[in-house]
$ cat input.cif   # mmCIF, C-alpha atoms
data_work
#
loop_
_atom_site.label_atom_id
_atom_site.label_comp_id
_atom_site.auth_asym_id
_atom_site.auth_seq_id
_atom_site.Cartn_x
_atom_site.Cartn_y
_atom_site.Cartn_z
CA MET A 1492 -30.87 -16.60 20.48
CA LYS A 1493 -27.07 -16.93 20.71
CA SER A 1494 -25.32 -13.57 20.89
CA LEU A 1495 -22.33 -13.02 18.63
CA LYS A 1496 -18.94 -12.68 20.29
CA LYS A 1497 -16.27 -10.19 19.31
CA PRO A 1498 -14.20 -12.59 17.11
CA GLU A 1499 -17.34 -13.56 15.18
CA ILE A 1500 -18.38 -9.93 14.69
CA THR A 1501 -14.86 -9.07 13.58
CA LYS A 1502 -14.78 -11.85 10.99
CA ILE A 1503 -18.25 -11.02 9.64
CA ILE A 1504 -17.50 -7.33 9.13
CA MET A 1505 -14.02 -8.00 7.73
CA SER A 1506 -15.53 -10.53 5.31
CA ILE A 1507 -17.98 -7.89 4.11
CA LEU A 1508 -15.18 -5.31 3.73
CA TYR A 1509 -13.02 -7.77 1.80
CA GLY A 1510 -15.94 -8.75 -0.42
CA LEU A 1511 -16.51 -5.09 -1.31
CA THR A 1512 -12.77 -4.61 -1.80
CA ILE A 1513 -12.56 -7.54 -4.24
CA ILE A 1514 -15.49 -6.15 -6.25
CA ALA A 1515 -13.85 -2.72 -6.29
CA LEU A 1516 -10.48 -4.16 -7.35
CA PHE A 1517 -11.90 -6.29 -10.14
CA MET A 1518 -14.61 -3.97 -11.46
CA LYS A 1519 -13.05 -0.57 -10.69
CA VAL A 1520 -13.62 1.72 -13.67
CA LEU A 1521 -10.66 3.57 -15.15
CA TYR A 1522 -11.38 6.74 -17.11
CA PHE A 1523 -9.39 7.67 -20.22
CA PHE A 1524 -9.37 11.04 -21.89
CA PRO A 1525 -7.69 10.57 -25.27
CA ILE A 1526 -7.96 13.07 -28.12
CA GLU A 1527 -10.80 11.16 -29.76
CA GLY A 1528 -12.95 11.43 -26.65
CA PRO A 1529 -13.21 10.03 -23.10
CA TYR A 1530 -14.31 6.47 -22.31
CA ALA A 1531 -14.23 4.11 -19.34
CA VAL A 1532 -13.11 0.50 -18.89
CA SER A 1533 -12.88 -1.85 -15.91
CA THR A 1534 -9.71 -3.51 -14.67
CA VAL A 1535 -11.12 -6.79 -16.02
CA ASN A 1536 -11.16 -5.32 -19.53
CA ILE A 1537 -7.54 -4.21 -19.21
CA LEU A 1538 -6.48 -7.72 -18.18
CA ILE A 1539 -8.37 -9.68 -20.83
CA ASN A 1540 -8.63 -7.20 -23.72
CA LYS A 1541 -5.41 -6.53 -25.59
CA GLN A 1542 -6.73 -3.36 -27.18
CA HIS A 1543 -7.71 -1.87 -23.84
CA MET A 1544 -4.27 -2.71 -22.45
CA THR A 1545 -2.71 -0.99 -25.45
CA ASP A 1546 -4.92 2.06 -24.89
CA PHE A 1547 -3.97 2.11 -21.20
CA LEU A 1548 -0.25 1.98 -22.00
CA GLY A 1549 -0.60 4.54 -24.77
CA TYR A 1550 -2.52 6.96 -22.58
CA PHE A 1551 0.33 6.99 -20.06
CA LEU A 1552 2.96 6.92 -22.84
CA LEU A 1553 4.27 3.59 -21.56
CA GLN A 1554 6.06 0.85 -23.52
CA THR A 1555 4.59 -2.55 -24.41
CA SER A 1556 7.10 -4.14 -22.04
CA ASP A 1557 5.35 -2.36 -19.15
CA ALA A 1558 2.21 -4.50 -19.65
CA MET A 1559 3.46 -7.18 -17.23
CA ILE A 1560 4.05 -4.57 -14.52
CA VAL A 1561 0.53 -3.23 -15.02
CA ARG A 1562 -0.93 -6.75 -14.72
CA PHE A 1563 1.13 -7.31 -11.56
CA MET A 1564 -0.21 -4.12 -10.01
CA ILE A 1565 -3.78 -5.16 -10.80
CA LEU A 1566 -3.61 -8.87 -9.94
CA ILE A 1567 -1.49 -8.98 -6.77
CA PRO A 1568 -3.84 -6.84 -4.60
CA PHE A 1569 -6.78 -8.86 -5.92
CA LEU A 1570 -5.14 -12.22 -5.12
CA LEU A 1571 -4.06 -11.01 -1.67
CA SER A 1572 -7.62 -9.93 -0.90
CA VAL A 1573 -9.10 -13.23 -2.12
CA GLY A 1574 -6.54 -15.18 -0.09
CA ALA A 1575 -7.19 -13.17 3.06
CA LEU A 1576 -10.96 -13.60 2.67
CA ALA A 1577 -10.54 -17.37 2.27
CA CYS A 1578 -8.45 -17.54 5.47
CA ILE A 1579 -10.63 -15.38 7.72
CA TRP A 1580 -12.90 -18.24 8.88
CA ARG A 1581 -10.14 -20.87 8.99
CA MET A 1582 -7.81 -19.28 11.54
CA GLU A 1583 -7.84 -18.18 15.14
CA HIS A 1584 -8.95 -14.63 15.86
CA ARG A 1585 -5.51 -13.19 16.60
CA ILE A 1586 -3.85 -14.84 13.58
CA THR A 1587 -6.71 -13.61 11.37
CA ILE A 1588 -6.04 -10.03 12.46
CA TYR A 1589 -2.32 -10.32 11.69
CA VAL A 1590 -2.84 -11.94 8.26
CA THR A 1591 -5.49 -9.47 7.11
CA ARG A 1592 -3.44 -6.50 8.28
CA VAL A 1593 -0.39 -7.72 6.36
CA ALA A 1594 -2.42 -8.51 3.21
CA SER A 1595 -4.25 -5.18 3.28
CA SER A 1596 -1.08 -3.21 3.99
CA ILE A 1597 0.70 -4.82 1.03
CA SER A 1598 -2.31 -4.29 -1.26
CA ALA A 1599 -2.68 -0.64 -0.30
CA LEU A 1600 1.08 -0.11 -0.70
CA ILE A 1601 1.05 -1.68 -4.18
CA TYR A 1602 -1.80 0.58 -5.24
CA ILE A 1603 -0.05 3.69 -3.96
CA VAL A 1604 3.20 2.60 -5.65
CA ALA A 1605 1.23 1.97 -8.87
CA LEU A 1606 -0.11 5.52 -8.81
CA LEU A 1607 3.36 6.99 -8.21
CA TYR A 1608 4.92 4.64 -10.79
CA LEU A 1609 2.49 5.69 -13.51
CA THR A 1610 3.03 9.31 -12.54
CA ALA A 1611 6.81 9.01 -12.81
CA LEU A 1612 6.81 7.11 -16.14
CA SER A 1613 4.20 9.37 -17.68
CA SER A 1614 6.11 12.46 -16.56
CA LYS A 1615 9.35 11.12 -18.00
CA ALA A 1616 7.83 10.07 -21.32
CA ALA A 1617 5.86 13.27 -21.88
CA GLU A 1618 8.51 15.51 -20.34
CA ASP A 1619 5.79 17.03 -18.18
CA GLY A 1620 6.03 18.15 -14.60
CA ILE A 1621 5.36 15.71 -11.77
CA LEU A 1622 2.23 17.58 -10.67
CA GLU A 1623 0.70 17.49 -14.17
CA SER A 1624 1.37 13.76 -14.49
CA PHE A 1625 0.04 13.05 -10.98
CA GLU A 1626 -3.15 14.94 -11.83
CA LYS A 1627 -3.45 12.87 -15.01
CA ALA A 1628 -3.05 9.61 -13.07
CA THR A 1629 -5.52 10.52 -10.31
CA LYS A 1630 -8.03 11.71 -12.91
CA THR A 1631 -7.78 8.31 -14.58
CA PHE A 1632 -8.15 6.28 -11.37
CA GLU A 1633 -10.98 8.54 -10.22
CA ILE A 1634 -12.84 7.66 -7.01
CA GLY A 1635 -12.41 3.90 -7.46
CA PHE A 1636 -8.74 4.06 -6.48
CA TRP A 1637 -9.45 5.90 -3.25
CA LEU A 1638 -12.32 3.56 -2.35
CA VAL A 1639 -9.91 0.63 -2.55
CA ILE A 1640 -7.39 2.43 -0.33
CA ILE A 1641 -10.11 3.40 2.18
CA SER A 1642 -11.44 -0.18 2.36
CA HIS A 1643 -7.93 -1.51 3.08
CA VAL A 1644 -7.41 1.10 5.80
CA LEU A 1645 -10.75 0.12 7.39
CA ILE A 1646 -9.70 -3.54 7.42
CA ILE A 1647 -6.45 -2.60 9.17
CA VAL A 1648 -7.94 -0.30 11.83
CA PHE A 1649 -11.34 -1.97 12.36
CA PRO A 1650 -10.13 -4.53 14.97
CA LEU A 1651 -8.62 -1.67 16.99
CA ILE A 1652 -11.95 0.15 16.95
CA LEU A 1653 -13.81 -3.03 17.96
CA ASP A 1654 -11.38 -3.59 20.85
CA ARG A 1655 -12.38 -0.22 22.27
CA MET A 1656 -16.08 -0.97 21.81
CA PHE A 1657 -15.85 -4.24 23.72
CA ASP A 1658 -14.84 -3.80 27.34
CA SER A 1659 -13.29 -7.23 27.48
CA VAL A 1660 -10.41 -8.48 29.60
CA ARG A 1661 -7.34 -9.42 27.55
CA ASP A 1662 -4.43 -11.30 29.07
CA THR A 1663 -1.39 -11.20 26.79
CA ASN A 1664 1.33 -12.64 29.05
CA LEU A 1665 2.96 -14.88 26.44
CA ASP A 1666 6.39 -14.98 28.10
CA GLY A 1667 5.35 -17.33 30.89
CA SER A 1668 5.41 -14.68 33.62
CA SER A 1669 2.87 -14.85 36.43
CA PRO A 1670 0.42 -11.97 36.05
CA ALA A 1671 -1.77 -10.54 38.74
CA MET A 1672 -5.18 -11.94 39.49
CA THR A 1673 -7.30 -12.06 36.33
CA PRO A 1674 -10.98 -11.17 36.72
CA GLY A 1675 -13.58 -13.71 35.69
CA VAL A 1676 -16.73 -13.32 33.63
CA ASN A 1677 -20.45 -13.62 34.24
CA LYS A 1678 -20.11 -12.48 37.83
CA PRO A 1679 -23.68 -12.15 39.06
CA LYS A 1680 -24.67 -10.30 42.17
CA THR A 1681 -25.17 -12.58 45.16
CA GLU A 1682 -26.34 -12.24 48.71
CA GLU A 1683 -24.15 -15.13 49.87
CA THR A 1684 -21.53 -12.79 51.30
CA HIS A 1685 -20.93 -15.10 54.26
CA ILE A 1686 -19.35 -17.73 51.98
CA LYS A 1687 -15.64 -17.11 51.54
CA PRO A 1688 -14.35 -16.75 47.95
CA GLY A 1689 -12.82 -19.69 46.18
CA GLY A 1690 -10.25 -19.77 43.45
CA LEU A 1691 -7.34 -21.48 41.76
CA ILE A 1692 -3.71 -21.72 42.83
CA GLY A 1693 -1.11 -22.48 40.17
CA ILE A 1694 0.93 -25.52 41.16
CA CYS A 1695 3.13 -25.58 38.06
CA GLY A 1696 3.25 -24.02 34.61
CA THR A 1697 2.51 -20.48 33.43
CA TYR A 1698 0.68 -19.47 36.63
CA ASN A 1699 2.90 -21.30 39.11
CA GLY A 1700 2.43 -19.65 42.52
CA SER A 1701 -0.36 -17.34 41.38
CA LYS A 1702 -3.80 -17.27 42.99
CA ILE A 1703 -6.91 -16.37 41.02
CA GLU A 1704 -9.86 -15.68 43.30
CA LEU A 1705 -13.46 -16.47 42.34
CA ALA A 1706 -16.62 -15.23 44.01
CA VAL A 1707 -19.64 -17.50 44.40
CA ASN A 1708 -21.12 -18.35 40.97
CA GLU A 1709 -18.25 -16.62 39.19
CA GLN A 1710 -16.81 -18.56 36.29
CA ILE A 1711 -13.57 -18.33 34.34
CA MET A 1712 -12.62 -19.66 30.90
CA ILE A 1713 -9.09 -21.04 30.49
CA GLY A 1714 -7.35 -21.47 27.13
CA ARG A 1715 -4.98 -20.03 24.51
CA ASP A 1716 -7.29 -17.49 22.86
CA SER A 1717 -7.09 -14.14 24.65
CA ALA A 1718 -10.28 -12.98 22.89
CA GLU A 1719 -12.29 -15.86 24.36
CA CYS A 1720 -10.56 -16.63 27.66
CA ASN A 1721 -9.98 -14.83 30.95
CA LEU A 1722 -7.00 -16.95 31.95
CA VAL A 1723 -4.66 -17.29 28.97
CA ILE A 1724 -2.14 -20.14 28.78
CA VAL A 1725 -0.05 -20.56 25.63
CA ALA A 1726 1.16 -24.17 25.70
CA PRO A 1727 1.18 -27.02 23.14
CA LYS A 1728 -1.39 -29.16 25.01
CA VAL A 1729 -3.74 -26.30 25.91
CA SER A 1730 -6.66 -25.76 23.52
CA ARG A 1731 -7.96 -22.42 22.28
CA LYS A 1732 -10.89 -22.81 24.69
CA HIS A 1733 -9.76 -25.48 27.12
CA CYS A 1734 -12.15 -25.55 30.08
CA LEU A 1735 -14.66 -23.50 32.03
CA ILE A 1736 -14.50 -23.45 35.85
CA GLN A 1737 -17.33 -22.08 38.03
CA TYR A 1738 -17.18 -21.65 41.80
CA LEU A 1739 -20.40 -22.94 43.42
CA GLY A 1740 -19.56 -22.07 47.01
CA LYS A 1741 -20.14 -24.90 49.50
CA GLU A 1742 -20.93 -27.34 46.66
CA GLY A 1743 -17.44 -26.98 45.21
CA TYR A 1744 -16.64 -26.26 41.57
CA LYS A 1745 -18.32 -27.05 38.26
CA ILE A 1746 -15.86 -27.86 35.47
CA THR A 1747 -16.72 -28.17 31.76
CA ASP A 1748 -14.04 -29.47 29.40
CA PHE A 1749 -13.91 -28.19 25.78
CA SER A 1750 -10.39 -29.30 24.88
CA SER A 1751 -8.79 -31.72 22.45
CA ASN A 1752 -6.14 -33.01 24.86
CA GLY A 1753 -8.35 -33.28 27.92
CA THR A 1754 -8.83 -31.81 31.38
CA PHE A 1755 -7.75 -34.17 34.18
CA ARG A 1756 -8.92 -34.42 37.80
CA ASN A 1757 -6.19 -35.32 40.29
CA THR A 1758 -3.69 -35.86 37.42
CA ASP A 1759 -5.11 -39.13 36.03
CA GLU A 1760 -8.93 -39.00 35.66
CA ARG A 1761 -9.94 -37.40 32.36
CA LEU A 1762 -13.22 -35.47 32.44
CA ALA A 1763 -15.87 -36.12 29.80
CA LYS A 1764 -15.88 -33.48 27.09
CA GLN A 1765 -18.62 -30.79 27.24
CA ILE A 1766 -20.29 -32.48 30.23
CA PRO A 1767 -20.23 -30.35 33.42
CA VAL A 1768 -18.73 -32.14 36.43
CA VAL A 1769 -18.91 -30.94 40.06
CA VAL A 1770 -15.75 -31.47 42.10
CA PRO A 1771 -14.89 -30.51 45.69
CA ALA A 1772 -12.35 -27.94 46.86
CA GLY A 1773 -8.85 -29.35 47.03
CA THR A 1774 -9.13 -31.07 43.64
CA MET A 1775 -6.08 -30.85 41.36
CA ILE A 1776 -6.84 -29.90 37.74
CA SER A 1777 -4.36 -30.60 34.91
CA LEU A 1778 -4.66 -29.10 31.43
CA GLY A 1779 -3.69 -31.59 28.70
CA ASN A 1780 -0.65 -32.89 30.59
CA GLN A 1781 1.26 -32.20 33.80
CA GLU A 1782 2.84 -28.94 32.60
CA ASN A 1783 -0.03 -26.69 33.79
CA VAL A 1784 -1.71 -27.76 37.04
CA PHE A 1785 -4.05 -25.88 39.38
CA ARG A 1786 -5.48 -26.68 42.81
CA LEU A 1787 -9.05 -25.57 43.54
CA VAL A 1788 -9.21 -23.92 46.98
#

$ encode --input "input.cif" --output "structure tokens"
Amino acid sequence: MKSLKKPEITKIIMSILYGLTIIALFMKVLYFFPIEGPYAVSTVNILINKQHMTDFLGYFLLQTSDAMIVRFMILIPFLLSVGALACIWRMEHRITIYVTRVASSISALIYIVALLYLTALSSKAAEDGILESFEKATKTFEIGFWLVIISHVLIIVFPLILDRMFDSVRDTNLDGSSPAMTPGVNKPKTEETHIKPGGLIGICGTYNGSKIELAVNEQIMIGRDSAECNLVIVAPKVSRKHCLIQYLGKEGYKITDFSSNGTFRNTDERLAKQIPVVVPAGTMISLGNQENVFRLV
């Protein structure tokens, strides 16, 4: 059974959180306490039922012209959440995190502003104190308001929590500098200590002059996605997961290409995609073009 990786777990849990948030935004019950007796309506009813909108405005002593602002405060967080949910599975992991954080931050901010806005207008219209009007607004929103805020906060901070749970190596050198040796993955214990380590030497590109050592049977994934790869290269011709290189010891290296623009042996021979190929030490490996080249040593 294939184990889920961190980006997949992140997207699954964030999808669930956004699904619950959308339900809460659209079905959240608002409680009214007019003179004739309390009753509850959902945000859907306020949007589609003119009488409920009138009751909402009247309860907070607002004008009819404020109806558009109320609709804005209800619809925008909902549309942002739907848009973010639709994008989660269509974007790279890092971009997904940025987009969902921005969408959730804006939604939460709008909801907080809505609460303060209703408090201020109600206080002004009724000539009540700010505290009395704030209590009136929070009593109306009840627990539904705070559940929406909490769900947005969870969406924002969840990736940070997951990062701490996964002890993964992240290389974020996006400025083209040559970092220190990056550890590989899947490094099994071996008794072949008499075989000297292999590795890659950067000939040109992001890792020009750098040496990345590999022990026997150690493998390293190269590509743009820092959540998936051990050696991160941000370049136009480098794929999110470009290629996997494993050091076999005396047998040389096993290379598996996963890219769109190709992995080339000795600058001109393109390797077949997703078919492992064994090459000897000394082979030159190019990623997509001649901008990022390594020599296997």

$ residues_around --input "input.cif" --residues "Lys1702 of chain A" --least-positions-apart "6" --cutoff "8 Å" --atoms "only C-alpha atoms" --output "compact mmCIF listing (two decimals) with C-alpha atoms, in the coordinates of the input"
# COMPACT_ATOMS: atom_id res chain seq x y z
CA MET A 1672 -5.18 -11.94 39.49
CA GLY A 1690 -10.25 -19.77 43.45
CA LEU A 1691 -7.34 -21.48 41.76
CA ILE A 1692 -3.71 -21.72 42.83
CA GLY A 1693 -1.11 -22.48 40.17

$ residues_around --input "input.cif" --residues "segment 1738-1743 of chain A" --least-positions-apart "5" --cutoff "10 Å" --atoms "only C-alpha atoms" --output "ChimeraX atom specification"
/A:1683,1686-1691,1704-1711,1769-1774,1787-1788

$ residues_around --input "input.cif" --residues "segment 1568-1583 of chain A" --least-positions-apart "4" --cutoff "12 Å" --atoms "only C-alpha atoms" --output "ChimeraX atom specification"
/A:1498-1519,1534-1535,1561-1564,1587-1605,1639-1640,1642-1643,1646,1715-1719,1730-1732

$ write_last_selection --input "input.cif" --atoms "C-alpha atoms" --output "tab-separated table (two decimals), keeping the file's coordinate frame"
chain	number	residue	atom	x	y	z
A	1498	PRO	CA	-14.20	-12.59	17.11
A	1499	GLU	CA	-17.34	-13.56	15.18
A	1500	ILE	CA	-18.38	-9.93	14.69
A	1501	THR	CA	-14.86	-9.07	13.58
A	1502	LYS	CA	-14.78	-11.85	10.99
A	1503	ILE	CA	-18.25	-11.02	9.64
A	1504	ILE	CA	-17.50	-7.33	9.13
A	1505	MET	CA	-14.02	-8.00	7.73
A	1506	SER	CA	-15.53	-10.53	5.31
A	1507	ILE	CA	-17.98	-7.89	4.11
A	1508	LEU	CA	-15.18	-5.31	3.73
A	1509	TYR	CA	-13.02	-7.77	1.80
A	1510	GLY	CA	-15.94	-8.75	-0.42
A	1511	LEU	CA	-16.51	-5.09	-1.31
A	1512	THR	CA	-12.77	-4.61	-1.80
A	1513	ILE	CA	-12.56	-7.54	-4.24
A	1514	ILE	CA	-15.49	-6.15	-6.25
A	1515	ALA	CA	-13.85	-2.72	-6.29
A	1516	LEU	CA	-10.48	-4.16	-7.35
A	1517	PHE	CA	-11.90	-6.29	-10.14
A	1518	MET	CA	-14.61	-3.97	-11.46
A	1519	LYS	CA	-13.05	-0.57	-10.69
A	1534	THR	CA	-9.71	-3.51	-14.67
A	1535	VAL	CA	-11.12	-6.79	-16.02
A	1561	VAL	CA	0.53	-3.23	-15.02
A	1562	ARG	CA	-0.93	-6.75	-14.72
A	1563	PHE	CA	1.13	-7.31	-11.56
A	1564	MET	CA	-0.21	-4.12	-10.01
A	1587	THR	CA	-6.71	-13.61	11.37
A	1588	ILE	CA	-6.04	-10.03	12.46
A	1589	TYR	CA	-2.32	-10.32	11.69
A	1590	VAL	CA	-2.84	-11.94	8.26
A	1591	THR	CA	-5.49	-9.47	7.11
A	1592	ARG	CA	-3.44	-6.50	8.28
A	1593	VAL	CA	-0.39	-7.72	6.36
A	1594	ALA	CA	-2.42	-8.51	3.21
A	1595	SER	CA	-4.25	-5.18	3.28
A	1596	SER	CA	-1.08	-3.21	3.99
A	1597	ILE	CA	0.70	-4.82	1.03
A	1598	SER	CA	-2.31	-4.29	-1.26
A	1599	ALA	CA	-2.68	-0.64	-0.30
A	1600	LEU	CA	1.08	-0.11	-0.70
A	1601	ILE	CA	1.05	-1.68	-4.18
A	1602	TYR	CA	-1.80	0.58	-5.24
A	1603	ILE	CA	-0.05	3.69	-3.96
A	1604	VAL	CA	3.20	2.60	-5.65
A	1605	ALA	CA	1.23	1.97	-8.87
A	1639	VAL	CA	-9.91	0.63	-2.55
A	1640	ILE	CA	-7.39	2.43	-0.33
A	1642	SER	CA	-11.44	-0.18	2.36
A	1643	HIS	CA	-7.93	-1.51	3.08
A	1646	ILE	CA	-9.70	-3.54	7.42
A	1715	ARG	CA	-4.98	-20.03	24.51
A	1716	ASP	CA	-7.29	-17.49	22.86
A	1717	SER	CA	-7.09	-14.14	24.65
A	1718	ALA	CA	-10.28	-12.98	22.89
A	1719	GLU	CA	-12.29	-15.86	24.36
A	1730	SER	CA	-6.66	-25.76	23.52
A	1731	ARG	CA	-7.96	-22.42	22.28
A	1732	LYS	CA	-10.89	-22.81	24.69

$ resolve_selection --input "input.cif" --expression "the PyMOL selection byres ((chain A and resi 1764) around 12)" --output "compact mmCIF listing (two decimals) with C-alpha atoms, in the frame of the given file"
# COMPACT_ATOMS: atom_id res chain seq x y z
CA HIS A 1733 -9.76 -25.48 27.12
CA CYS A 1734 -12.15 -25.55 30.08
CA LEU A 1735 -14.66 -23.50 32.03
CA ILE A 1746 -15.86 -27.86 35.47
CA THR A 1747 -16.72 -28.17 31.76
CA ASP A 1748 -14.04 -29.47 29.40
CA PHE A 1749 -13.91 -28.19 25.78
CA SER A 1750 -10.39 -29.30 24.88
CA SER A 1751 -8.79 -31.72 22.45
CA ASN A 1752 -6.14 -33.01 24.86
CA GLY A 1753 -8.35 -33.28 27.92
CA THR A 1754 -8.83 -31.81 31.38
CA PHE A 1755 -7.75 -34.17 34.18
CA ARG A 1761 -9.94 -37.40 32.36
CA LEU A 1762 -13.22 -35.47 32.44
CA ALA A 1763 -15.87 -36.12 29.80
CA GLN A 1765 -18.62 -30.79 27.24
CA ILE A 1766 -20.29 -32.48 30.23
CA PRO A 1767 -20.23 -30.35 33.42
CA VAL A 1768 -18.73 -32.14 36.43

$ atom_distance --input "input.cif" --atom1 "atom CA of Val1725 of chain A" --atom2 "atom CA of Ile1703 of chain A"
17.4 Å

$ atom_distance --input "input.cif" --atom1 "atom CA of Asp1557 of chain A" --atom2 "atom CA of Ile1641 of chain A"
27.0 Å

$ build_atoms --input "input.cif" --residues "segment 1738-1750 of chain A" --atoms "N, CA, C and O atoms" --output "PDB file, in the frame of the given file"
ATOM      1  N   TYR A1738     -17.190 -21.424  40.354  1.00  0.00           N
ATOM      2  CA  TYR A1738     -17.180 -21.650  41.800  1.00  0.00           C
ATOM      3  C   TYR A1738     -18.623 -21.660  42.314  1.00  0.00           C
ATOM      4  O   TYR A1738     -19.361 -20.700  42.134  1.00  0.00           O
ATOM      5  N   LEU A1739     -19.025 -22.767  42.951  1.00  0.00           N
ATOM      6  CA  LEU A1739     -20.400 -22.940  43.420  1.00  0.00           C
ATOM      7  C   LEU A1739     -20.561 -22.663  44.909  1.00  0.00           C
ATOM      8  O   LEU A1739     -21.655 -22.807  45.452  1.00  0.00           O
ATOM      9  N   GLY A1740     -19.484 -22.296  45.566  1.00  0.00           N
ATOM     10  CA  GLY A1740     -19.560 -22.070  47.010  1.00  0.00           C
ATOM     11  C   GLY A1740     -19.345 -23.371  47.762  1.00  0.00           C
ATOM     12  O   GLY A1740     -18.386 -24.114  47.524  1.00  0.00           O
ATOM     13  N   LYS A1741     -20.270 -23.698  48.681  1.00  0.00           N
ATOM     14  CA  LYS A1741     -20.140 -24.900  49.500  1.00  0.00           C
ATOM     15  C   LYS A1741     -20.176 -26.178  48.672  1.00  0.00           C
ATOM     16  O   LYS A1741     -19.649 -27.213  49.096  1.00  0.00           O
ATOM     17  N   GLU A1742     -20.821 -26.136  47.502  1.00  0.00           N
ATOM     18  CA  GLU A1742     -20.930 -27.340  46.660  1.00  0.00           C
ATOM     19  C   GLU A1742     -19.636 -27.666  45.921  1.00  0.00           C
ATOM     20  O   GLU A1742     -19.508 -28.738  45.335  1.00  0.00           O
ATOM     21  N   GLY A1743     -18.706 -26.730  45.897  1.00  0.00           N
ATOM     22  CA  GLY A1743     -17.440 -26.980  45.210  1.00  0.00           C
ATOM     23  C   GLY A1743     -17.334 -26.216  43.895  1.00  0.00           C
ATOM     24  O   GLY A1743     -17.705 -25.044  43.811  1.00  0.00           O
ATOM     25  N   TYR A1744     -16.889 -26.902  42.866  1.00  0.00           N
ATOM     26  CA  TYR A1744     -16.640 -26.260  41.570  1.00  0.00           C
ATOM     27  C   TYR A1744     -17.286 -27.087  40.454  1.00  0.00           C
ATOM     28  O   TYR A1744     -17.284 -28.323  40.496  1.00  0.00           O
ATOM     29  N   LYS A1745     -17.792 -26.370  39.453  1.00  0.00           N
ATOM     30  CA  LYS A1745     -18.320 -27.050  38.260  1.00  0.00           C
ATOM     31  C   LYS A1745     -17.337 -26.820  37.120  1.00  0.00           C
ATOM     32  O   LYS A1745     -17.020 -25.682  36.778  1.00  0.00           O
ATOM     33  N   ILE A1746     -16.868 -27.930  36.535  1.00  0.00           N
ATOM     34  CA  ILE A1746     -15.860 -27.860  35.470  1.00  0.00           C
ATOM     35  C   ILE A1746     -16.453 -28.442  34.184  1.00  0.00           C
ATOM     36  O   ILE A1746     -17.025 -29.533  34.192  1.00  0.00           O
ATOM     37  N   THR A1747     -16.291 -27.700  33.075  1.00  0.00           N
ATOM     38  CA  THR A1747     -16.720 -28.170  31.760  1.00  0.00           C
ATOM     39  C   THR A1747     -15.525 -28.159  30.833  1.00  0.00           C
ATOM     40  O   THR A1747     -14.899 -27.119  30.619  1.00  0.00           O
ATOM     41  N   ASP A1748     -15.201 -29.333  30.285  1.00  0.00           N
ATOM     42  CA  ASP A1748     -14.040 -29.470  29.400  1.00  0.00           C
ATOM     43  C   ASP A1748     -14.451 -29.235  27.948  1.00  0.00           C
ATOM     44  O   ASP A1748     -15.465 -29.746  27.482  1.00  0.00           O
ATOM     45  N   PHE A1749     -13.666 -28.432  27.204  1.00  0.00           N
ATOM     46  CA  PHE A1749     -13.910 -28.190  25.780  1.00  0.00           C
ATOM     47  C   PHE A1749     -12.688 -28.549  24.933  1.00  0.00           C
ATOM     48  O   PHE A1749     -12.654 -28.254  23.745  1.00  0.00           O
ATOM     49  N   SER A1750     -11.698 -29.174  25.522  1.00  0.00           N
ATOM     50  CA  SER A1750     -10.390 -29.300  24.880  1.00  0.00           C
ATOM     51  C   SER A1750     -10.257 -30.541  24.014  1.00  0.00           C
ATOM     52  O   SER A1750     -11.080 -31.454  24.047  1.00  0.00           O
TER      53      SER A1750
END
